[in-house]
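**Q** Pasting in a structure now, in structure tokens, and then I'll have a few things to ask.
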Amino acid sequence: MPEPMLDSKPDRSKGAFSWRVIKMRGRNSRSRARSITAPRWRAADMGAFAAGIDLIFADLHIGKDALYREGGADPGRPVRVIWRAPDRVVNWGEGRFVTETLFLDVRVSEVPDLAAGDTFEINDEQFEVRSEPVRDSERLCWAAEVRPL
């Protein structure tokens, strides 16, 4: 028996997202359509996202312990970070170069005002935030490009 299929166009006229689900009964029979509606996102629902982010940062295989210093000068406070080192393709003139980049993700709840010049210490290595960090769409995490000192 075939699985239910979703229409390609969501219907937003009901105030929430809804899709038409088509149930196939057989190869030669008529298909029946009905609508399902997903609830609209509310600010209270963000608690589930925040809890999920907290679990990801707490994972021993993903998150790392770090020492955050505002402006690179204060004594520092412990935070959890996620280390990323993706390659970036940079165009310069007629050439294309692959460069290594270093990114740290840190929760906004731990570091509310992250700025360029702040430092992180991870396993006795110092890293400086090199440009203005950006927050994700839910405003839960900072993504900061860092460079080793």
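Each chain of the structure tokens is named A, B, ... in the order shown, its residues numbered from 1; ligands are numbered from 1 in display order.
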Which polymer residues have any atom within 10 Å of an atom of Arg88 (chain A), counting only C-alpha atoms, with same-chain residues fewer than 4 positions away left out, as a VMD selection string?
**A** chain A and resid 97 to 101
**Q** Name the closest residue to Arg80 (chain A) among the candidates A:Leu149, A:Ala116, A:Ile122, A:Leu140; distances are taken between atoms, counting only C-alpha atoms.
**A** A:Ile122
**Q** Restricting the calculation to only C-alpha atoms, which member of A:Asp74, A:Asp118, A:Arg107, A:Ala85 is positioned closest to Gly52 (chain A)?
**A**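 The answer is A:Arg107, which sits nearest to Gly52 (chain A).
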**Q** Excluding Glu110 (chain A) and any residue of its chain fewer than 5 positions from it, enumerate the residues within 10 Å of it, using only C-alpha atoms, and give them as a list of chain:residue names.
**A** A:Tyr68, A:Arg77, A:Pro78, A:Val79, A:Arg80, A:Val81, A:Leu140, A:Cys141
**Q** Next, the residues of the selection above should be written as a CSV table (one decimal), in the first residue's frame with N, CA and C atoms.
**A**
chain,number,residue,atom,x,y,z
A,68,TYR,N,36.3,31.7,28.9
A,68,TYR,CA,36.0,32.9,28.1
A,68,TYR,C,36.5,34.2,28.8
A,77,ARG,N,35.8,33.1,32.7
A,77,ARG,CA,34.7,32.3,33.3
A,77,ARG,C,34.6,31.0,32.4
A,78,PRO,N,34.3,29.9,33.0
A,78,PRO,CA,34.1,28.7,32.2
A,78,PRO,C,32.8,28.7,31.3
A,79,VAL,N,32.9,28.2,30.1
A,79,VAL,CA,31.8,28.1,29.2
A,79,VAL,C,32.0,26.8,28.4
A,80,ARG,N,30.9,26.4,27.7
A,80,ARG,CA,31.0,25.2,26.8
A,80,ARG,C,30.9,25.8,25.4
A,81,VAL,N,31.8,25.2,24.5
A,81,VAL,CA,31.8,25.7,23.1
A,81,VAL,C,31.7,24.5,22.2
A,140,LEU,N,19.9,31.8,20.0
A,140,LEU,CA,20.4,31.0,21.1
A,140,LEU,C,21.9,30.8,21.1
A,141,CYS,N,22.5,30.9,20.0
A,141,CYS,CA,24.0,30.6,19.9
A,141,CYS,C,24.7,31.7,19.1
**Q** Report, in Å with one decimal, the straight-line distance from CA of Pro75 (chain A) to CA of Trp142 (chain A).
**A** 21.2 Å
**Q** Could you check which of A:Glu145, A:Asp124, A:Glu94, A:Asp87 is closest to Leu67 (chain A), using only C-alpha atoms?
**A**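 Of the candidates, the smallest distance to Leu67 (chain A) is held by A:Asp124.
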**Q** Rounded to one decimal in Å, what is the spacing between CA of Pro86 (chain A) and CA of Gly63 (chain A)?
**A**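 Going from CA of Pro86 (chain A) over to CA of Gly63 (chain A), I get 16.5 Å.
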**Q** Using only C-alpha atoms, can you tell me which of A:Ser131, A:Leu60, A:Pro148, A:Glu138 comes closest to Ala48 (chain A)?
**A**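 Nearest to Ala48 (chain A): A:Glu138.
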